[in-house]
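Text of input.cif, listed as mmCIF, C-alpha atoms and all ligand atoms:
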```cif
data_start
loop_
_atom_site.group_PDB
_atom_site.id
_atom_site.type_symbol
_atom_site.label_atom_id
_atom_site.label_comp_id
_atom_site.auth_asym_id
_atom_site.auth_seq_id
_atom_site.Cartn_x
_atom_site.Cartn_y
_atom_site.Cartn_z
ATOM 1 C CA MET Q 1 0.000 0.000 0.000
ATOM 2 C CA ALA Q 2 1.316 3.444 -0.855
ATOM 3 C CA LYS Q 3 1.663 5.881 2.008
ATOM 4 C CA THR Q 4 -1.350 7.930 0.934
ATOM 5 C CA ASP Q 5 -3.631 4.866 0.654
ATOM 6 C CA PHE Q 6 -4.643 5.067 4.329
ATOM 7 C CA GLN Q 7 -5.530 8.640 5.229
ATOM 8 C CA VAL Q 8 -7.020 10.013 8.421
ATOM 9 C CA ILE Q 9 -8.631 13.446 8.068
ATOM 10 C CA PHE Q 10 -10.003 15.484 10.974
ATOM 11 C CA TRP Q 11 -13.209 17.486 10.420
ATOM 12 C CA GLY Q 12 -14.315 18.009 14.022
ATOM 13 C CA VAL Q 13 -12.115 17.614 17.086
ATOM 14 C CA ARG Q 14 -14.101 19.248 19.873
ATOM 15 C CA GLY Q 15 -16.232 17.768 22.640
ATOM 16 C CA SER Q 16 -19.652 18.669 23.993
ATOM 17 C CA ILE Q 17 -20.682 21.691 21.884
ATOM 18 C CA PRO Q 18 -19.397 23.465 18.785
ATOM 19 C CA VAL Q 19 -17.350 26.506 19.809
ATOM 20 C CA PRO Q 20 -16.592 28.675 16.776
ATOM 21 C CA GLY Q 21 -14.853 31.980 17.370
ATOM 22 C CA PRO Q 22 -11.533 33.760 17.557
ATOM 23 C CA ASP Q 23 -10.241 31.558 20.410
ATOM 24 C CA THR Q 24 -10.622 28.275 18.531
ATOM 25 C CA LEU Q 25 -9.427 29.162 15.025
ATOM 26 C CA LYS Q 26 -6.236 27.103 15.208
ATOM 27 C CA TYR Q 27 -7.603 23.790 16.516
ATOM 28 C CA GLY Q 28 -11.181 24.236 15.342
ATOM 29 C CA GLY Q 29 -14.564 24.471 17.028
ATOM 30 C CA ASN Q 30 -16.578 21.658 15.435
ATOM 31 C CA THR Q 31 -17.594 18.527 17.301
ATOM 32 C CA SER Q 32 -16.329 15.020 16.575
ATOM 33 C CA CYS Q 33 -15.960 13.778 13.026
ATOM 34 C CA VAL Q 34 -13.027 11.901 11.522
ATOM 35 C CA GLN Q 35 -12.786 10.600 7.972
ATOM 36 C CA VAL Q 36 -10.651 7.593 7.174
ATOM 37 C CA GLN Q 37 -10.048 7.090 3.501
ATOM 38 C CA ILE Q 38 -8.555 3.759 2.454
ATOM 39 C CA ARG Q 39 -8.124 4.082 -1.298
ATOM 40 C CA LYS Q 40 -11.697 4.470 -2.620
ATOM 41 C CA ARG Q 41 -13.332 3.299 0.610
ATOM 42 C CA LEU Q 42 -14.868 5.998 2.754
ATOM 43 C CA PHE Q 43 -15.173 5.565 6.522
ATOM 44 C CA ILE Q 44 -16.496 8.200 8.890
ATOM 45 C CA PHE Q 45 -16.242 8.115 12.654
ATOM 46 C CA ASP Q 46 -18.971 10.125 14.350
ATOM 47 C CA ALA Q 47 -21.300 12.724 12.931
ATOM 48 C CA GLY Q 48 -20.667 15.786 15.083
ATOM 49 C CA SER Q 49 -20.871 19.215 13.478
ATOM 50 C CA GLY Q 50 -17.611 18.534 11.597
ATOM 51 C CA ILE Q 51 -19.476 16.190 9.235
ATOM 52 C CA TYR Q 52 -21.171 19.201 7.651
ATOM 53 C CA SER Q 53 -17.960 20.402 5.958
ATOM 54 C CA LEU Q 54 -16.937 16.839 5.132
ATOM 55 C CA GLY Q 55 -20.286 16.389 3.362
ATOM 56 C CA ARG Q 56 -19.785 19.514 1.282
ATOM 57 C CA GLU Q 57 -16.343 18.328 0.259
ATOM 58 C CA LEU Q 58 -17.593 14.850 -0.680
ATOM 59 C CA ILE Q 59 -20.309 16.107 -3.043
ATOM 60 C CA LYS Q 60 -18.020 18.526 -4.888
ATOM 61 C CA ASN Q 61 -17.324 16.289 -7.863
ATOM 62 C CA GLY Q 62 -20.891 15.016 -8.163
ATOM 63 C CA GLU Q 63 -19.988 11.311 -8.027
ATOM 64 C CA LYS Q 64 -22.269 8.780 -6.379
ATOM 65 C CA LEU Q 65 -21.084 8.025 -2.877
ATOM 66 C CA SER Q 66 -20.997 5.019 -0.648
ATOM 67 C CA GLY Q 67 -19.501 4.792 2.807
ATOM 68 C CA ASP Q 68 -19.533 3.333 6.287
ATOM 69 C CA ILE Q 69 -20.323 5.650 9.197
ATOM 70 C CA PHE Q 70 -19.500 4.499 12.721
ATOM 71 C CA ILE Q 71 -21.140 6.270 15.639
ATOM 72 C CA THR Q 72 -19.494 5.900 19.052
ATOM 73 C CA HIS Q 73 -22.708 6.802 20.896
ATOM 74 C CA THR Q 74 -25.632 9.120 20.394
ATOM 75 C CA HIS Q 75 -24.712 11.948 22.742
ATOM 76 C CA TRP Q 76 -25.538 15.019 20.774
ATOM 77 C CA ASP Q 77 -21.979 16.145 20.002
ATOM 78 C CA HIS Q 78 -21.505 12.880 18.051
ATOM 79 C CA ILE Q 79 -24.655 12.984 15.924
ATOM 80 C CA GLN Q 80 -25.728 16.636 15.672
ATOM 81 C CA GLY Q 81 -24.138 17.108 12.237
ATOM 82 C CA PHE Q 82 -25.951 14.204 10.612
ATOM 83 C CA PRO Q 83 -29.111 16.175 9.686
ATOM 84 C CA PHE Q 84 -26.778 18.519 7.749
ATOM 85 C CA PHE Q 85 -24.713 15.823 5.992
ATOM 86 C CA SER Q 86 -25.618 16.691 2.416
ATOM 87 C CA PRO Q 87 -24.548 13.384 0.776
ATOM 88 C CA ALA Q 88 -27.292 11.666 2.807
ATOM 89 C CA PHE Q 89 -29.894 13.769 0.972
ATOM 90 C CA ILE Q 90 -28.814 12.631 -2.488
ATOM 91 C CA LYS Q 91 -30.694 9.791 -4.119
ATOM 92 C CA GLY Q 92 -28.397 7.018 -5.282
ATOM 93 C CA ASN Q 93 -25.895 7.503 -2.470
ATOM 94 C CA HIS Q 94 -25.620 4.644 -0.037
ATOM 95 C CA PHE Q 95 -24.430 4.702 3.581
ATOM 96 C CA ARG Q 96 -24.167 2.035 6.215
ATOM 97 C CA LEU Q 97 -24.658 3.566 9.636
ATOM 98 C CA TYR Q 98 -23.248 1.543 12.535
ATOM 99 C CA GLY Q 99 -23.866 1.974 16.226
ATOM 100 C CA GLN Q 100 -25.114 0.505 19.441
ATOM 101 C CA SER Q 101 -28.712 -0.028 20.499
ATOM 102 C CA LYS Q 102 -29.738 0.773 24.054
ATOM 103 C CA THR Q 103 -32.220 -1.032 26.250
ATOM 104 C CA ASP Q 104 -34.915 1.571 25.560
ATOM 105 C CA ALA Q 105 -34.285 2.189 21.847
ATOM 106 C CA THR Q 106 -32.696 0.633 18.781
ATOM 107 C CA PHE Q 107 -29.774 2.412 17.152
ATOM 108 C CA SER Q 108 -31.951 3.566 14.237
ATOM 109 C CA GLU Q 109 -34.525 4.979 16.647
ATOM 110 C CA LEU Q 110 -31.784 6.846 18.471
ATOM 111 C CA MET Q 111 -30.512 8.382 15.241
ATOM 112 C CA ALA Q 112 -34.008 9.192 14.029
ATOM 113 C CA GLY Q 113 -34.935 10.770 17.363
ATOM 114 C CA GLN Q 114 -32.982 13.961 16.836
ATOM 115 C CA MET Q 115 -34.791 14.423 13.509
ATOM 116 C CA ALA Q 116 -38.269 13.960 14.944
ATOM 117 C CA TYR Q 117 -40.629 16.699 13.793
ATOM 118 C CA GLN Q 118 -40.385 18.468 17.166
ATOM 119 C CA HIS Q 119 -36.661 19.003 16.558
ATOM 120 C CA PHE Q 120 -36.091 19.109 12.798
ATOM 121 C CA PRO Q 121 -38.247 19.647 9.701
ATOM 122 C CA ILE Q 122 -37.030 16.599 7.761
ATOM 123 C CA SER Q 123 -37.155 13.083 9.124
ATOM 124 C CA LEU Q 124 -34.288 10.653 8.704
ATOM 125 C CA ASP Q 125 -36.243 8.416 6.338
ATOM 126 C CA GLN Q 126 -36.907 11.389 4.037
ATOM 127 C CA MET Q 127 -33.222 12.067 3.521
ATOM 128 C CA GLY Q 128 -32.993 10.519 0.031
ATOM 129 C CA ALA Q 129 -29.885 8.372 0.197
ATOM 130 C CA GLU Q 130 -30.177 4.715 1.032
ATOM 131 C CA ILE Q 131 -29.218 4.346 4.691
ATOM 132 C CA ASP Q 132 -28.748 0.884 6.169
ATOM 133 C CA PHE Q 133 -28.592 0.642 9.911
ATOM 134 C CA ARG Q 134 -26.246 -1.952 11.358
ATOM 135 C CA GLU Q 135 -26.276 -2.614 15.064
ATOM 136 C CA LEU Q 136 -22.955 -3.217 16.753
ATOM 137 C CA ASP Q 137 -21.906 -4.125 20.221
ATOM 138 C CA SER Q 138 -18.659 -4.488 22.109
ATOM 139 C CA GLY Q 139 -16.277 -7.251 21.028
ATOM 140 C CA VAL Q 140 -17.440 -7.374 17.418
ATOM 141 C CA HIS Q 141 -15.047 -8.153 14.570
ATOM 142 C CA LEU Q 142 -16.251 -7.271 11.080
ATOM 143 C CA GLU Q 143 -14.686 -7.879 7.695
ATOM 144 C CA LEU Q 144 -15.565 -4.873 5.554
ATOM 145 C CA GLY Q 145 -14.096 -6.107 2.269
ATOM 146 C CA ASP Q 146 -10.927 -4.995 0.415
ATOM 147 C CA GLY Q 147 -8.839 -6.465 3.268
ATOM 148 C CA ILE Q 148 -10.271 -3.980 5.778
ATOM 149 C CA SER Q 149 -11.517 -5.088 9.171
ATOM 150 C CA LEU Q 150 -13.154 -3.381 12.117
ATOM 151 C CA ASP Q 151 -13.167 -4.223 15.815
ATOM 152 C CA THR Q 152 -15.136 -2.685 18.671
ATOM 153 C CA ILE Q 153 -14.747 -2.338 22.415
ATOM 154 C CA VAL Q 154 -17.030 -0.809 25.022
ATOM 155 C CA ASN Q 155 -16.363 2.676 26.430
ATOM 156 C CA ASN Q 156 -16.510 3.723 30.066
ATOM 157 C CA HIS Q 157 -19.006 6.524 29.538
ATOM 158 C CA PRO Q 158 -22.471 7.492 30.811
ATOM 159 C CA ASN Q 159 -24.900 5.213 28.920
ATOM 160 C CA GLY Q 160 -21.969 3.400 27.254
ATOM 161 C CA GLY Q 161 -20.509 3.739 23.782
ATOM 162 C CA LEU Q 162 -18.054 2.013 21.471
ATOM 163 C CA SER Q 163 -14.484 2.552 20.405
ATOM 164 C CA TYR Q 164 -13.330 1.384 17.007
ATOM 165 C CA ARG Q 165 -10.226 -0.047 15.414
ATOM 166 C CA LEU Q 166 -9.770 -0.184 11.652
ATOM 167 C CA ASP Q 167 -7.091 -2.449 10.185
ATOM 168 C CA CYS Q 168 -5.904 -2.815 6.614
ATOM 169 C CA GLN Q 169 -2.820 -4.697 5.419
ATOM 170 C CA GLY Q 170 -0.781 -4.163 8.544
ATOM 171 C CA ARG Q 171 -1.849 -0.570 9.131
ATOM 172 C CA SER Q 172 -4.336 0.491 11.738
ATOM 173 C CA CYS Q 173 -6.110 3.389 13.324
ATOM 174 C CA CYS Q 174 -8.042 3.396 16.615
ATOM 175 C CA TYR Q 175 -10.806 5.847 17.435
ATOM 176 C CA VAL Q 176 -11.198 5.850 21.201
ATOM 177 C CA THR Q 177 -13.322 8.713 22.385
ATOM 178 C CA ASP Q 178 -15.777 9.450 25.135
ATOM 179 C CA THR Q 179 -14.245 7.017 27.533
ATOM 180 C CA GLU Q 180 -12.895 7.462 31.030
ATOM 181 C CA HIS Q 181 -9.750 5.736 32.212
ATOM 182 C CA TYR Q 182 -9.626 3.574 35.335
ATOM 183 C CA PRO Q 183 -7.185 3.951 38.238
ATOM 184 C CA GLU Q 184 -5.096 1.198 36.607
ATOM 185 C CA ILE Q 185 -4.516 0.900 32.853
ATOM 186 C CA ASP Q 186 -7.402 -0.956 31.253
ATOM 187 C CA GLN Q 187 -5.738 -4.129 29.999
ATOM 188 C CA GLU Q 188 -8.538 -4.904 27.570
ATOM 189 C CA LEU Q 189 -8.263 -1.490 25.969
ATOM 190 C CA CYS Q 190 -4.508 -1.900 25.966
ATOM 191 C CA ARG Q 191 -4.824 -5.127 23.977
ATOM 192 C CA PHE Q 192 -7.383 -3.461 21.713
ATOM 193 C CA VAL Q 193 -5.034 -0.654 20.633
ATOM 194 C CA HIS Q 194 -1.905 -2.822 20.833
ATOM 195 C CA ASN Q 195 0.660 -2.062 18.155
ATOM 196 C CA SER Q 196 -1.627 0.241 16.203
ATOM 197 C CA ASP Q 197 -0.205 3.062 14.116
ATOM 198 C CA LEU Q 198 -2.516 5.736 15.469
ATOM 199 C CA VAL Q 199 -4.690 6.121 18.541
ATOM 200 C CA ILE Q 200 -7.162 9.005 18.520
ATOM 201 C CA TYR Q 201 -7.958 9.358 22.200
ATOM 202 C CA ASP Q 202 -10.378 11.272 24.429
ATOM 203 C CA THR Q 203 -8.223 13.883 26.162
ATOM 204 C CA HIS Q 204 -11.036 16.194 27.191
ATOM 205 C CA PHE Q 205 -9.473 16.929 30.575
ATOM 206 C CA THR Q 206 -6.023 17.300 32.075
ATOM 207 C CA ASP Q 207 -4.861 15.342 35.127
ATOM 208 C CA ASP Q 208 -5.195 18.555 37.163
ATOM 209 C CA GLU Q 209 -8.831 19.043 36.160
ATOM 210 C CA TYR Q 210 -9.845 15.407 36.313
ATOM 211 C CA PRO Q 211 -10.597 15.077 40.069
ATOM 212 C CA ASN Q 212 -13.472 17.537 39.583
ATOM 213 C CA TYR Q 213 -14.943 15.475 36.756
ATOM 214 C CA ILE Q 214 -14.774 11.859 37.903
ATOM 215 C CA GLY Q 215 -17.649 9.923 36.376
ATOM 216 C CA TRP Q 216 -18.171 12.337 33.460
ATOM 217 C CA GLY Q 217 -16.842 9.692 31.065
ATOM 218 C CA HIS Q 218 -13.742 11.438 29.743
ATOM 219 C CA SER Q 219 -10.011 10.941 30.044
ATOM 220 C CA THR Q 220 -6.842 13.060 30.061
ATOM 221 C CA TRP Q 221 -3.841 13.513 27.787
ATOM 222 C CA GLN Q 222 -1.584 12.089 30.485
ATOM 223 C CA GLU Q 223 -3.671 8.887 30.560
ATOM 224 C CA GLY Q 224 -3.591 8.798 26.749
ATOM 225 C CA ILE Q 225 0.198 8.749 26.776
ATOM 226 C CA LYS Q 226 0.230 5.993 29.420
ATOM 227 C CA LEU Q 227 -2.143 3.874 27.354
ATOM 228 C CA VAL Q 228 -0.332 4.328 24.051
ATOM 229 C CA GLN Q 229 3.047 3.594 25.595
ATOM 230 C CA ALA Q 230 1.788 0.528 27.482
ATOM 231 C CA ALA Q 231 0.179 -0.747 24.292
ATOM 232 C CA ASP Q 232 3.234 -0.138 22.087
ATOM 233 C CA ALA Q 233 1.088 1.910 19.753
ATOM 234 C CA LYS Q 234 3.006 4.312 17.534
ATOM 235 C CA ARG Q 235 1.190 7.620 17.693
ATOM 236 C CA LEU Q 236 -1.262 9.421 19.920
ATOM 237 C CA VAL Q 237 -3.685 12.069 18.714
ATOM 238 C CA LEU Q 238 -5.245 14.194 21.460
ATOM 239 C CA PHE Q 239 -8.942 14.496 20.649
ATOM 240 C CA HIS Q 240 -12.356 15.677 21.923
ATOM 241 C CA HIS Q 241 -10.858 18.940 23.162
ATOM 242 C CA ALA Q 242 -12.848 20.538 25.956
ATOM 243 C CA ASN Q 243 -15.291 23.153 24.703
ATOM 244 C CA PHE Q 244 -13.820 25.695 27.128
ATOM 245 C CA ARG Q 245 -10.228 25.254 25.896
ATOM 246 C CA SER Q 246 -8.740 28.156 23.899
ATOM 247 C CA ASP Q 247 -6.078 27.805 21.202
ATOM 248 C CA ASN Q 248 -3.464 29.159 23.610
ATOM 249 C CA GLU Q 249 -4.375 26.549 26.203
ATOM 250 C CA MET Q 250 -4.387 23.824 23.556
ATOM 251 C CA GLU Q 251 -0.916 24.870 22.392
ATOM 252 C CA GLU Q 252 0.326 24.624 25.957
ATOM 253 C CA ILE Q 253 -1.175 21.143 26.420
ATOM 254 C CA GLU Q 254 0.230 19.961 23.096
ATOM 255 C CA LYS Q 255 3.686 21.236 24.067
ATOM 256 C CA GLN Q 256 3.578 19.473 27.443
ATOM 257 C CA ALA Q 257 2.367 16.243 25.835
ATOM 258 C CA GLN Q 258 5.069 16.367 23.162
ATOM 259 C CA ALA Q 259 7.722 16.838 25.841
ATOM 260 C CA ARG Q 260 6.683 13.419 27.189
ATOM 261 C CA MET Q 261 5.997 11.771 23.844
ATOM 262 C CA SER Q 262 7.420 13.475 20.790
ATOM 263 C CA SER Q 263 5.155 11.743 18.252
ATOM 264 C CA CYS Q 264 2.014 13.005 19.973
ATOM 265 C CA VAL Q 265 -0.120 15.643 18.270
ATOM 266 C CA ALA Q 266 -3.311 17.503 19.145
ATOM 267 C CA ALA Q 267 -6.034 17.038 16.542
ATOM 268 C CA ARG Q 268 -7.017 20.117 14.596
ATOM 269 C CA GLU Q 269 -9.582 20.596 11.888
ATOM 270 C CA GLY Q 270 -8.138 19.927 8.459
ATOM 271 C CA MET Q 271 -5.231 17.861 9.766
ATOM 272 C CA VAL Q 272 -4.370 14.904 7.534
ATOM 273 C CA ILE Q 273 -2.325 11.944 8.723
ATOM 274 C CA ASN Q 274 -1.047 9.403 6.199
ATOM 275 C CA LEU Q 275 -0.439 5.982 7.699
HETATM 276 ZN ZN ZN S 301 -18.530 13.679 23.243
HETATM 277 ZN ZN ZN S 302 -20.536 11.360 25.264
#
```

Entire entry expressed as structure tokens:
Amino acid sequence: MAKTDFQVIFWGVRGSIPVPGPDTLKYGGNTSCVQVQIRKRLFIFDAGSGIYSLGRELIKNGEKLSGDIFITHTHWDHIQGFPFFSPAFIKGNHFRLYGQSKTDATFSELMAGQMAYQHFPISLDQMGAEIDFRELDSGVHLELGDGISLDTIVNNHPNGGLSYRLDCQGRSCCYVTDTEHYPEIDQELCRFVHNSDLVIYDTHFTDDEYPNYIGWGHSTWQEGIKLVQAADAKRLVLFHHANFRSDNEMEEIEKQAQARMSSCVAAREGMVINL
């Protein structure tokens, strides 16, 4: 595989709520959305507000589109962009939408809920593209064709969630967000991300802030470094930046993280990583 055959592109890197404005220009203010392009195959992780710009980019050349969209969980910052994902309105496009059902609702009901008439003028089934819902749970291994496989693991987050690992011909990328670390390194998660080329990790908080937010379901950049080093993974991407974090504060965090692990980088909108 050529170096550009496995590309990771960041469209939304923020947690909780979009925060556009002069203080977030460098890292970006949109909520979670990451595109992984493996040759012609399109994969999207989460549908936060970042998916809006991704959608506009995808429809530029007018080609019919097909892709797999993986939702970690249906907290609003991970799905709020979907009603504005223009490729899903185009007849002839085809998306497979993967996520977890909950005890009180199926995954498709959860996705449709935010587009109920009380909240949005167009319902999900009026969107135009063919959308297949696929339910996933923790511990699933899927072959997606073209030598690409996907694995899932459960998150430690209010009402749960899934993290994902995508593998293709010896290269891999893990998307691990909205999950809180445990006092000891989670050995299962460690095995899950073992040896991977890239771990995109929930670093919403810092170790200093964390004691005030125990049980909120988020981790820290310090814990991200511990995990990646224990798992012999190659690169850490700090992700799901706190909504209250300015560019100056992000720069400071990125600098501190890089002093401990030089290959670490803080996600920013528009960043492209070739694996
Ligand atoms: Zn989130
Ligand atoms: Zn969440």

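Neighbouring residues of range 236-249 of chain Q at 6 Å or closer, counting all atoms listed in the file and skipping chain neighbours under 2 positions away, are Val13, Arg14, Gly15, Asp23, Thr24, Leu198, Val199, Ile200, Tyr201, Asp202, Thr203, His204, Glu251, Glu252, Cys264, Val265, Ala266 and Ala267 of chain Q.
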
Next item on the list: Write out as JSON, numbers by chain the residues lying within 6 Å of Arg96 in chain Q, counting all atoms listed in the file and excluding same-chain residues fewer than 3 positions away.
Entry: {"Q": [68, 131, 132, 133]}

Next item on the list: Pick out the residues no farther than 8 Å from ligand ZN 301 (chain S), counting only C-alpha atoms and all ligand atoms, and list them as a ChimeraX atom specification.
Entry: /Q:14-16,31-32,75-78,177-178,240

Please, could you write that set of residues out with C-alpha atoms as an mmCIF file, in the frame of the given file?
```
data_model
loop_
_atom_site.group_PDB
_atom_site.id
_atom_site.type_symbol
_atom_site.label_atom_id
_atom_site.label_comp_id
_atom_site.auth_asym_id
_atom_site.auth_seq_id
_atom_site.Cartn_x
_atom_site.Cartn_y
_atom_site.Cartn_z
ATOM 1 C CA ARG Q 14 -14.101 19.248 19.873
ATOM 2 C CA GLY Q 15 -16.232 17.768 22.640
ATOM 3 C CA SER Q 16 -19.652 18.669 23.993
ATOM 4 C CA THR Q 31 -17.594 18.527 17.301
ATOM 5 C CA SER Q 32 -16.329 15.020 16.575
ATOM 6 C CA HIS Q 75 -24.712 11.948 22.742
ATOM 7 C CA TRP Q 76 -25.538 15.019 20.774
ATOM 8 C CA ASP Q 77 -21.979 16.145 20.002
ATOM 9 C CA HIS Q 78 -21.505 12.880 18.051
ATOM 10 C CA THR Q 177 -13.322 8.713 22.385
ATOM 11 C CA ASP Q 178 -15.777 9.450 25.135
ATOM 12 C CA HIS Q 240 -12.356 15.677 21.923
#
```

Contacts of Lys40 in chain Q at 10 Å (all atoms listed in the file; same-chain gap of 2+ positions) as an mmCIF file with C-alpha atoms, keeping the file's coordinate frame:
```cif
data_model
loop_
_atom_site.group_PDB
_atom_site.id
_atom_site.type_symbol
_atom_site.label_atom_id
_atom_site.label_comp_id
_atom_site.auth_asym_id
_atom_site.auth_seq_id
_atom_site.Cartn_x
_atom_site.Cartn_y
_atom_site.Cartn_z
ATOM 1 C CA ASP Q 5 -3.631 4.866 0.654
ATOM 2 C CA PHE Q 6 -4.643 5.067 4.329
ATOM 3 C CA GLN Q 37 -10.048 7.090 3.501
ATOM 4 C CA ILE Q 38 -8.555 3.759 2.454
ATOM 5 C CA LEU Q 42 -14.868 5.998 2.754
ATOM 6 C CA PHE Q 43 -15.173 5.565 6.522
ATOM 7 C CA SER Q 66 -20.997 5.019 -0.648
ATOM 8 C CA GLY Q 67 -19.501 4.792 2.807
ATOM 9 C CA ASP Q 146 -10.927 -4.995 0.415
#
```

Note to self: Please report the interatomic distance between CA of Ser219 in chain Q and CA of Gln80 in chain Q in Å with one decimal.
What the structure shows: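 Distance reported for this atom pair: 22.0 Å.
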
Next item on the list: Measure the distance from CA of Gly139 in chain Q to CA of Val272 in chain Q in Å and round it to one decimal.
Entry: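 So the two atoms, CA of Gly139 in chain Q and CA of Val272 in chain Q, lie 28.5 Å apart.
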
Next item on the list: Tell me which of Q:Gln114, Q:Asn93, Q:Thr4, Q:Thr179 sits closest to ligand ZN 302 (chain S), counting all atoms listed in the file.
Entry: Q:Thr179

Note to self: Report, in Å to a single decimal, how far apart CA of Leu97 in chain Q and CA of Asn155 in chain Q are.
What the structure shows: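 Atom-to-atom, CA of Asn155 in chain Q to CA of Leu97 in chain Q, that is 18.8 Å.
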
Selection: 9 Å around Ala230 in chain Q, all atoms listed in the file, excl. self and same-chain fewer than 6 positions, as a CSV table (one decimal) with C-alpha atoms, in the coordinates of the input:
```csv
chain,number,residue,atom,x,y,z
Q,185,ILE,CA,-4.5,0.9,32.9
Q,190,CYS,CA,-4.5,-1.9,26.0
Q,194,HIS,CA,-1.9,-2.8,20.8
```

Item checked: Selection dump of the PyMOL selection byres (((chain Q and resi 148) around 9) and not hetatm), as a PyMOL selection string -> chain Q and resi 38+142-147+149-150+166-169

Note to self: When you count all atoms listed in the file, which of these residues is closest to Phe205 in chain Q: Q:Cys174, Q:Ile90, Q:Ile225, Q:Ile253?
What the structure shows: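 Selected residue with least distance to Phe205 in chain Q: Q:Ile253.
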
Checklist line | Closest of Q:Lys226, Q:His73, Q:His141, Q:Arg260 to ligand ZN 302 (chain S) - atom-to-atom distances counting all atoms listed in the file | finding: Q:His73

Margin query: Measuring between all atoms listed in the file, which one of Q:Ser196, Q:Gln229, Q:Phe120, Q:Asn274 shows the shortest distance to Ser262 in chain Q?
Written below: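 With all atoms listed in the file as the atom set, the closest residue is Q:Gln229.
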
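Remark: for ligand ZN 302 (chain S), the closest of the candidate residues Q:Pro87, Q:Phe107, Q:Asp125, Q:Ile79 is Q:Ile79 (distances computed over only C-alpha atoms and all ligand atoms).
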
Around all the atoms of range 23-31 of chain Q listed in the file, with 6 Å of room on each side, what axis-aligned box do you get, giving centre and edge lengths in Å to one decimal, as AutoDock Vina command-line options?
```
--center_x -11.9 --center_y 25.0 --center_z 17.7 --size_x 23.4 --size_y 25.0 --size_z 17.4
```

Can range 182-198 of chain Q be brought up to N, CA and C atoms and written out as a CSV table (one decimal), keeping the file's coordinate frame?
```csv
chain,number,residue,atom,x,y,z
Q,182,TYR,N,-9.5,4.1,34.0
Q,182,TYR,CA,-9.6,3.6,35.3
Q,182,TYR,C,-8.4,3.9,36.1
Q,183,PRO,N,-8.4,3.7,37.4
Q,183,PRO,CA,-7.2,4.0,38.2
Q,183,PRO,C,-6.0,3.2,37.7
Q,184,GLU,N,-6.2,2.0,37.2
Q,184,GLU,CA,-5.1,1.2,36.6
Q,184,GLU,C,-5.4,1.2,35.1
Q,185,ILE,N,-4.3,1.0,34.3
Q,185,ILE,CA,-4.5,0.9,32.9
Q,185,ILE,C,-5.5,-0.3,32.5
Q,186,ASP,N,-6.4,0.0,31.7
Q,186,ASP,CA,-7.4,-1.0,31.3
Q,186,ASP,C,-6.7,-1.9,30.3
Q,187,GLN,N,-6.5,-3.2,30.8
Q,187,GLN,CA,-5.7,-4.1,30.0
Q,187,GLN,C,-6.5,-4.5,28.7
Q,188,GLU,N,-7.8,-4.6,28.8
Q,188,GLU,CA,-8.5,-4.9,27.6
Q,188,GLU,C,-8.4,-3.8,26.5
Q,189,LEU,N,-8.4,-2.6,26.9
Q,189,LEU,CA,-8.3,-1.5,26.0
Q,189,LEU,C,-6.8,-1.5,25.4
Q,190,CYS,N,-5.9,-1.8,26.3
Q,190,CYS,CA,-4.5,-1.9,26.0
Q,190,CYS,C,-4.3,-2.9,24.9
Q,191,ARG,N,-4.9,-4.1,25.0
Q,191,ARG,CA,-4.8,-5.1,24.0
Q,191,ARG,C,-5.5,-4.7,22.7
Q,192,PHE,N,-6.6,-3.9,22.9
Q,192,PHE,CA,-7.4,-3.5,21.7
Q,192,PHE,C,-6.5,-2.5,20.8
Q,193,VAL,N,-5.8,-1.6,21.4
Q,193,VAL,CA,-5.0,-0.7,20.6
Q,193,VAL,C,-3.6,-1.1,20.4
Q,194,HIS,N,-3.3,-2.3,20.9
Q,194,HIS,CA,-1.9,-2.8,20.8
Q,194,HIS,C,-1.3,-2.7,19.4
Q,195,ASN,N,-0.1,-2.1,19.4
Q,195,ASN,CA,0.7,-2.1,18.2
Q,195,ASN,C,0.1,-1.2,17.0
Q,196,SER,N,-1.0,-0.5,17.3
Q,196,SER,CA,-1.6,0.2,16.2
Q,196,SER,C,-0.8,1.5,15.8
Q,197,ASP,N,-1.0,1.9,14.6
Q,197,ASP,CA,-0.2,3.1,14.1
Q,197,ASP,C,-0.7,4.4,14.7
Q,198,LEU,N,-2.0,4.5,15.0
Q,198,LEU,CA,-2.5,5.7,15.5
Q,198,LEU,C,-3.6,5.5,16.5
```
